[in-house]
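Have a look at protein-v8.txt; it's compact mmCIF, C-alpha atoms:
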```txt
# COMPACT_ATOMS: atom_id res chain seq x y z
CA GLU A 1 0.00 0.00 0.00
CA ASP A 2 1.52 3.28 -1.10
CA GLU A 3 0.34 5.66 1.59
CA ILE A 4 1.41 9.20 2.20
CA GLN A 5 4.18 9.23 4.78
CA GLU A 6 2.95 9.95 8.27
CA TYR A 7 1.26 13.30 8.53
CA ILE A 8 2.96 15.76 10.88
CA GLU A 9 1.54 19.24 11.18
CA ASN A 10 3.89 22.02 9.99
CA GLU A 11 6.38 19.62 8.42
CA ILE A 12 7.25 18.77 4.84
CA ILE A 13 5.61 15.59 3.62
CA ASN A 14 6.93 13.62 0.68
CA LEU A 15 4.24 12.81 -1.85
CA PRO A 16 3.26 9.16 -2.26
CA LYS A 17 5.11 7.34 -5.06
CA LYS A 18 1.74 6.65 -6.68
CA ILE A 19 1.50 10.38 -7.61
CA GLY A 20 4.65 9.97 -9.70
CA ASN A 21 2.46 9.12 -12.68
CA ILE A 22 0.98 12.65 -12.66
CA LEU A 23 3.75 14.79 -11.09
CA ASP A 24 7.52 14.85 -10.99
CA LEU A 25 8.15 13.79 -7.38
CA ASN A 26 11.49 15.63 -7.42
CA MET A 27 9.70 18.92 -8.10
CA TYR A 28 6.71 18.79 -5.70
CA TYR A 29 6.09 18.15 -2.02
CA SER A 30 3.29 18.52 0.47
CA PHE A 31 3.10 20.09 3.90
CA GLY A 32 1.24 19.15 7.08
CA MET A 33 -1.61 21.63 7.57
CA ASN A 34 -3.78 22.51 10.50
CA HIS A 35 -6.81 20.20 10.15
CA LEU A 36 -9.23 23.08 10.70
CA ASN A 37 -9.75 24.99 7.42
CA SER A 38 -7.09 22.91 5.65
CA ILE A 39 -8.49 23.91 2.24
CA LEU A 40 -7.84 27.59 3.02
CA TYR A 41 -4.46 26.86 4.62
CA SER A 42 -3.37 24.76 1.64
CA THR A 43 -4.61 27.23 -0.97
CA LEU A 44 -2.90 30.20 0.69
CA PHE A 45 0.23 28.10 1.29
CA ILE A 46 0.49 27.57 -2.46
CA ILE A 47 -0.42 31.07 -3.74
CA ASP A 48 0.96 33.36 -1.03
CA LYS A 49 4.69 33.27 -0.22
CA SER A 50 4.28 35.46 2.88
CA PHE A 51 1.64 33.06 4.22
CA LYS A 52 3.93 30.08 3.60
CA LEU A 53 6.72 31.71 5.60
CA ALA A 54 4.53 33.05 8.44
CA ASN A 55 4.56 31.49 11.90
CA GLU A 56 1.51 29.58 13.11
CA ASN A 57 -0.08 32.55 14.94
CA ASP A 58 0.31 34.79 11.90
CA LYS A 59 -1.14 32.05 9.67
CA LYS A 60 -4.18 31.80 11.95
CA ALA A 61 -4.57 35.59 11.81
CA LEU A 62 -4.29 35.59 7.99
CA ILE A 63 -6.85 32.76 7.72
CA SER A 64 -9.16 34.71 10.00
CA GLN A 65 -8.74 37.86 7.86
CA PHE A 66 -9.39 35.85 4.70
CA ILE A 67 -12.53 34.28 6.20
CA ASN A 68 -13.74 37.77 7.18
CA LEU A 69 -13.14 38.93 3.59
CA LEU A 70 -15.12 35.96 2.26
CA ILE A 71 -17.97 36.74 4.69
CA ALA A 72 -17.94 40.46 3.82
CA ASN A 73 -18.09 39.70 0.10
CA LEU A 74 -20.48 36.75 0.22
CA ASP A 75 -23.69 38.53 -0.83
CA LYS A 76 -22.05 40.35 -3.75
CA SER A 77 -19.97 37.32 -4.79
CA PHE A 78 -22.89 34.89 -4.56
CA LYS A 79 -24.76 36.92 -7.19
CA GLU A 80 -21.73 37.89 -9.29
CA PHE A 81 -20.36 34.33 -9.50
CA LYS A 82 -23.85 32.78 -9.78
CA LEU A 83 -22.90 30.35 -7.02
CA SER A 84 -26.42 28.97 -6.70
CA HIS A 85 -25.86 27.36 -10.14
CA TYR A 86 -23.23 25.14 -8.49
CA GLY A 87 -25.68 23.67 -6.00
CA VAL A 88 -24.32 25.54 -3.00
CA LYS A 89 -26.44 27.47 -0.55
CA LYS A 90 -25.41 30.87 0.75
CA THR A 91 -26.65 30.02 4.26
CA ILE A 92 -24.37 26.96 4.46
CA ILE A 93 -21.36 28.91 3.14
CA ASN A 94 -22.06 31.69 5.62
CA LYS A 95 -22.43 29.23 8.52
CA GLN A 96 -19.17 27.44 7.69
CA LEU A 97 -17.30 30.74 7.46
CA LYS A 98 -18.81 32.09 10.69
CA ASP A 99 -18.13 28.77 12.48
CA ASN A 100 -14.53 28.97 11.22
CA ASN A 101 -14.84 25.46 9.84
CA VAL A 102 -14.42 25.44 6.06
CA ASP A 103 -14.57 22.22 4.05
CA ASP A 104 -14.74 21.39 0.33
CA TYR A 105 -18.32 22.70 0.15
CA LEU A 106 -16.73 26.15 -0.23
CA CYS A 107 -14.34 25.19 -3.06
CA ILE A 108 -16.37 26.87 -5.78
CA TYR A 109 -16.56 30.12 -3.80
CA ILE A 110 -12.82 30.05 -3.01
CA GLN A 111 -12.01 29.20 -6.64
CA LYS A 112 -14.16 32.03 -8.01
CA TYR A 113 -13.11 34.56 -5.37
CA LEU A 114 -9.37 33.96 -5.90
CA LYS A 115 -9.76 33.48 -9.69
CA ILE A 116 -7.90 30.16 -9.68
CA ASN A 117 -8.39 26.61 -10.88
CA LEU A 118 -8.69 24.63 -7.66
CA VAL A 119 -8.01 20.98 -8.39
CA ILE A 120 -8.44 18.44 -5.59
CA ILE A 121 -6.83 15.06 -6.12
CA ASP A 122 -7.32 11.86 -4.16
CA PRO A 123 -4.18 9.80 -4.77
CA LEU A 124 -5.66 6.66 -3.21
CA ASP A 125 -8.75 6.61 -5.45
CA GLU A 126 -6.86 8.21 -8.36
CA THR A 127 -9.66 10.72 -8.77
CA TYR A 128 -9.74 14.48 -9.08
CA GLU A 129 -12.37 17.11 -8.52
CA ILE A 130 -12.72 20.57 -9.95
CA LYS A 131 -15.92 22.49 -9.34
CA GLU A 132 -15.91 24.32 -12.64
CA GLU A 133 -14.57 23.80 -16.13
CA TYR A 134 -10.81 24.19 -16.27
CA ASN A 135 -9.60 27.60 -17.46
CA GLU A 136 -6.05 27.67 -18.87
CA SER A 137 -5.72 31.43 -18.30
CA LEU A 138 -6.09 31.09 -14.50
CA ASN A 139 -3.46 30.12 -11.94
CA ASN A 140 -3.56 26.50 -10.81
CA VAL A 141 -3.76 25.27 -7.25
CA ILE A 142 -3.61 21.53 -6.62
CA ILE A 143 -4.47 20.14 -3.22
CA MET A 144 -4.56 16.54 -2.09
CA LYS A 145 -7.28 14.84 -0.06
CA TYR A 146 -5.85 12.97 2.91
CA ILE A 147 -7.67 11.10 5.68
CA HIS A 148 -5.97 11.47 9.07
CA GLU A 149 -7.56 10.06 12.23
CA ASP A 150 -10.98 9.91 10.52
CA LYS A 151 -10.76 13.57 9.50
CA THR A 152 -10.50 14.66 5.90
CA LEU A 153 -7.57 17.01 5.43
CA PHE A 154 -6.58 18.86 2.30
CA LEU A 155 -2.83 19.19 1.88
CA PRO A 156 -1.06 21.48 -0.59
CA ILE A 157 0.92 20.15 -3.50
CA ALA A 158 3.65 22.73 -3.75
CA SER A 159 6.57 23.21 -6.11
CA ILE A 160 10.05 23.16 -4.58
CA TYR A 161 10.66 26.34 -6.61
CA GLY A 162 7.56 28.10 -5.31
CA LYS A 163 5.95 28.18 -8.75
CA LEU A 164 2.32 27.39 -9.41
CA PRO A 165 1.66 24.21 -11.41
CA GLU A 166 1.60 24.75 -15.17
CA ASN A 167 -1.37 23.79 -17.34
CA ASP A 168 0.39 20.62 -18.53
CA VAL A 169 0.50 19.32 -14.93
CA CYS A 170 -3.28 19.77 -14.62
CA GLN A 171 -3.89 18.27 -18.05
CA ASN A 172 -1.86 15.25 -16.99
CA ILE A 173 -4.06 14.87 -13.88
CA PHE A 174 -7.19 15.08 -16.06
CA LYS A 175 -5.83 12.42 -18.45
CA THR A 176 -4.58 10.05 -15.75
CA TYR A 177 -7.15 10.32 -12.95
CA LYS A 178 -10.92 9.91 -13.13
CA ARG A 179 -13.07 12.95 -12.49
CA MET A 180 -15.06 12.56 -9.31
CA LYS A 181 -18.76 12.80 -9.90
CA VAL A 182 -20.18 16.02 -8.53
CA LYS A 183 -23.42 15.37 -6.70
CA GLU A 184 -26.43 16.20 -8.84
CA GLU A 185 -27.90 18.58 -6.32
CA ILE A 186 -27.87 21.64 -8.53
CA ASN A 187 -30.83 23.83 -7.89
CA TYR A 188 -31.25 27.25 -9.38
CA ILE A 189 -33.25 28.67 -6.50
CA ASN A 190 -31.39 30.80 -4.00
```
Please, can you express the file's structure as structure tokens?
Amino acid sequence: EDEIQEYIENEIINLPKKIGNILDLNMYYSFGMNHLNSILYSTLFIIDKSFKLANENDKKALISQFINLLIANLDKSFKEFKLSHYGVKKTIINKQLKDNNVDDYLCIYIQKYLKINLVIIDPLDETYEIKEEYNESLNNVIIMKYIHEDKTLFLPIASIYGKLPENDVCQNIFKTYKRMKVKEEINYIN
């Protein structure tokens, strides 16, 4: 069984060998994230160098600021990004943000708000998830689903050079892994 090496918060984690068929293992690594809001931690870890280098207290403060920004912009963004078309409810997004407990339900909002392609891979199932059609003109963020002590964590897949993954890396994921079925719960009523 090719598992991810043992998860340790705030430490570099080597990617499982199994990912070698989609990424150059010499060029990418992962990092142990706080289990609370790991999607936000991982996304900011990848796109924001100052976040990556910040100490844990500063990271928590930056996450808190980011959550407050997402809350402050939720009404405007929900309409502007037509989030109801993705089967998400504003009340659930708002509750998760206010409870400071963000999971993958918010991926589409985070993706739209940051203007990125947010690709979640599950190396064990060899599946990927992206909440919207891939856009080659946007920056790419790849995070990895990881189960630790019955909690689902999302860990960053970061370049050793601090660069964002190129389109060919994402295309390789799309060719090699199966797309996870998005639940058919789309409703166009807000």
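Among the candidates A:Leu62, A:Ile173, A:Ile19, A:Leu138, the one nearest to Gln111 of chain A when counting all atoms listed in the file is A:Leu138.
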### Task
Show which residues sit within 6 Å of segment 32-35 of chain A, as a list in words. Count all atoms listed in the file, and ignore same-chain residues fewer than 5 positions away.
Ile8, Glu9, Asn10, Glu11 and Leu153 of chain A
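When only C-alpha atoms are used to measure the gap to Leu40 of chain A, the shortest distance among A:Asp125, A:Asp58, A:Asp103, A:Asp75 belongs to A:Asp103.
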### Query
Of the candidates A:Ile22, A:Leu97, A:Leu83, A:Val119, which shows the shortest atom-to-atom distance to Leu36 of chain A, using only C-alpha atoms?
A:Leu97
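Distances to Met27 of chain A were evaluated for A:Ala61, A:Leu164, A:Met180, A:Leu44 using all atoms listed in the file, and the minimum falls at A:Leu164.
Here the question is which of A:Ile47, A:Leu70, A:Val169, A:Ile130 gets nearest to Tyr113 of chain A using all atoms listed in the file, and that residue is A:Leu70.
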Working from the structure I just supplied, which lacks atoms in segment 159-170 of chain A, can you model all heavy atoms there and output them as a PDB file, in the frame of the given file?
```
ATOM      1  N   SER A 159       5.332  23.346  -5.337  1.00  0.00           N
ATOM      2  CA  SER A 159       6.570  23.210  -6.110  1.00  0.00           C
ATOM      3  C   SER A 159       7.751  23.569  -5.212  1.00  0.00           C
ATOM      4  O   SER A 159       7.682  24.520  -4.432  1.00  0.00           O
ATOM      5  CB  SER A 159       6.531  24.161  -7.297  1.00  0.00           C
ATOM      6  OG  SER A 159       7.827  24.384  -7.803  1.00  0.00           O
ATOM      7  N   ILE A 160       8.844  22.833  -5.354  1.00  0.00           N
ATOM      8  CA  ILE A 160      10.050  23.160  -4.580  1.00  0.00           C
ATOM      9  C   ILE A 160      10.587  24.533  -4.967  1.00  0.00           C
ATOM     10  O   ILE A 160      11.310  25.148  -4.213  1.00  0.00           O
ATOM     11  CB  ILE A 160      11.150  22.079  -4.705  1.00  0.00           C
ATOM     12  CG1 ILE A 160      11.575  21.899  -6.163  1.00  0.00           C
ATOM     13  CG2 ILE A 160      10.696  20.762  -4.091  1.00  0.00           C
ATOM     14  CD1 ILE A 160      12.799  21.019  -6.339  1.00  0.00           C
ATOM     15  N   TYR A 161      10.200  25.024  -6.159  1.00  0.00           N
ATOM     16  CA  TYR A 161      10.660  26.340  -6.610  1.00  0.00           C
ATOM     17  C   TYR A 161       9.653  27.443  -6.312  1.00  0.00           C
ATOM     18  O   TYR A 161       9.852  28.591  -6.710  1.00  0.00           O
ATOM     19  CB  TYR A 161      10.966  26.316  -8.118  1.00  0.00           C
ATOM     20  CG  TYR A 161      12.068  25.341  -8.460  1.00  0.00           C
ATOM     21  CD1 TYR A 161      11.802  24.216  -9.215  1.00  0.00           C
ATOM     22  CD2 TYR A 161      13.370  25.540  -7.998  1.00  0.00           C
ATOM     23  CE1 TYR A 161      12.802  23.302  -9.517  1.00  0.00           C
ATOM     24  CE2 TYR A 161      14.380  24.628  -8.293  1.00  0.00           C
ATOM     25  CZ  TYR A 161      14.089  23.523  -9.047  1.00  0.00           C
ATOM     26  OH  TYR A 161      15.083  22.626  -9.330  1.00  0.00           O
ATOM     27  N   GLY A 162       8.554  27.092  -5.651  1.00  0.00           N
ATOM     28  CA  GLY A 162       7.560  28.100  -5.310  1.00  0.00           C
ATOM     29  C   GLY A 162       6.697  28.552  -6.470  1.00  0.00           C
ATOM     30  O   GLY A 162       5.984  29.534  -6.369  1.00  0.00           O
ATOM     31  N   LYS A 163       6.765  27.825  -7.584  1.00  0.00           N
ATOM     32  CA  LYS A 163       5.950  28.180  -8.750  1.00  0.00           C
ATOM     33  C   LYS A 163       4.604  27.473  -8.666  1.00  0.00           C
ATOM     34  O   LYS A 163       4.483  26.407  -8.084  1.00  0.00           O
ATOM     35  CB  LYS A 163       6.632  27.729 -10.047  1.00  0.00           C
ATOM     36  CG  LYS A 163       7.916  28.437 -10.374  1.00  0.00           C
ATOM     37  CD  LYS A 163       8.400  27.934 -11.721  1.00  0.00           C
ATOM     38  CE  LYS A 163       9.852  28.265 -11.930  1.00  0.00           C
ATOM     39  NZ  LYS A 163      10.500  27.314 -12.818  1.00  0.00           N
ATOM     40  N   LEU A 164       3.612  28.068  -9.315  1.00  0.00           N
ATOM     41  CA  LEU A 164       2.320  27.390  -9.410  1.00  0.00           C
ATOM     42  C   LEU A 164       2.393  26.344 -10.521  1.00  0.00           C
ATOM     43  O   LEU A 164       3.130  26.521 -11.493  1.00  0.00           O
ATOM     44  CB  LEU A 164       1.224  28.415  -9.731  1.00  0.00           C
ATOM     45  CG  LEU A 164       0.967  29.422  -8.607  1.00  0.00           C
ATOM     46  CD1 LEU A 164       0.027  30.518  -9.080  1.00  0.00           C
ATOM     47  CD2 LEU A 164       0.405  28.732  -7.380  1.00  0.00           C
ATOM     48  N   PRO A 165       1.632  25.256 -10.382  1.00  0.00           N
ATOM     49  CA  PRO A 165       1.660  24.210 -11.410  1.00  0.00           C
ATOM     50  C   PRO A 165       1.226  24.768 -12.772  1.00  0.00           C
ATOM     51  O   PRO A 165       0.284  25.550 -12.855  1.00  0.00           O
ATOM     52  CB  PRO A 165       0.660  23.174 -10.909  1.00  0.00           C
ATOM     53  CG  PRO A 165       0.462  23.467  -9.469  1.00  0.00           C
ATOM     54  CD  PRO A 165       0.735  24.919  -9.283  1.00  0.00           C
ATOM     55  N   GLU A 166       1.917  24.346 -13.797  1.00  0.00           N
ATOM     56  CA  GLU A 166       1.600  24.750 -15.170  1.00  0.00           C
ATOM     57  C   GLU A 166       0.368  23.980 -15.653  1.00  0.00           C
ATOM     58  O   GLU A 166      -0.013  22.970 -15.068  1.00  0.00           O
ATOM     59  CB  GLU A 166       2.784  24.459 -16.103  1.00  0.00           C
ATOM     60  CG  GLU A 166       4.065  25.184 -15.738  1.00  0.00           C
ATOM     61  CD  GLU A 166       4.014  26.681 -16.006  1.00  0.00           C
ATOM     62  OE1 GLU A 166       3.235  27.094 -16.887  1.00  0.00           O
ATOM     63  OE2 GLU A 166       4.738  27.428 -15.332  1.00  0.00           O
ATOM     64  N   ASN A 167      -0.197  24.452 -16.763  1.00  0.00           N
ATOM     65  CA  ASN A 167      -1.370  23.790 -17.340  1.00  0.00           C
ATOM     66  C   ASN A 167      -1.114  22.323 -17.685  1.00  0.00           C
ATOM     67  O   ASN A 167      -2.001  21.494 -17.527  1.00  0.00           O
ATOM     68  CB  ASN A 167      -1.849  24.548 -18.587  1.00  0.00           C
ATOM     69  CG  ASN A 167      -2.483  25.872 -18.214  1.00  0.00           C
ATOM     70  OD1 ASN A 167      -3.130  25.994 -17.181  1.00  0.00           O
ATOM     71  ND2 ASN A 167      -2.299  26.871 -19.043  1.00  0.00           N
ATOM     72  N   ASP A 168       0.114  22.014 -18.137  1.00  0.00           N
ATOM     73  CA  ASP A 168       0.390  20.620 -18.530  1.00  0.00           C
ATOM     74  C   ASP A 168       0.291  19.669 -17.333  1.00  0.00           C
ATOM     75  O   ASP A 168      -0.103  18.517 -17.484  1.00  0.00           O
ATOM     76  CB  ASP A 168       1.736  20.496 -19.255  1.00  0.00           C
ATOM     77  CG  ASP A 168       2.920  20.897 -18.396  1.00  0.00           C
ATOM     78  OD1 ASP A 168       2.756  21.703 -17.460  1.00  0.00           O
ATOM     79  OD2 ASP A 168       4.032  20.406 -18.665  1.00  0.00           O
ATOM     80  N   VAL A 169       0.621  20.152 -16.132  1.00  0.00           N
ATOM     81  CA  VAL A 169       0.500  19.320 -14.930  1.00  0.00           C
ATOM     82  C   VAL A 169      -0.983  18.987 -14.699  1.00  0.00           C
ATOM     83  O   VAL A 169      -1.347  17.835 -14.458  1.00  0.00           O
ATOM     84  CB  VAL A 169       1.103  20.025 -13.695  1.00  0.00           C
ATOM     85  CG1 VAL A 169       0.819  19.238 -12.417  1.00  0.00           C
ATOM     86  CG2 VAL A 169       2.609  20.226 -13.874  1.00  0.00           C
ATOM     87  N   CYS A 170      -1.843  20.007 -14.795  1.00  0.00           N
ATOM     88  CA  CYS A 170      -3.280  19.770 -14.620  1.00  0.00           C
ATOM     89  C   CYS A 170      -3.832  18.880 -15.713  1.00  0.00           C
ATOM     90  O   CYS A 170      -4.616  17.964 -15.438  1.00  0.00           O
ATOM     91  CB  CYS A 170      -4.034  21.110 -14.575  1.00  0.00           C
ATOM     92  SG  CYS A 170      -3.711  22.013 -13.048  1.00  0.00           S
TER      93      CYS A 170
END
```
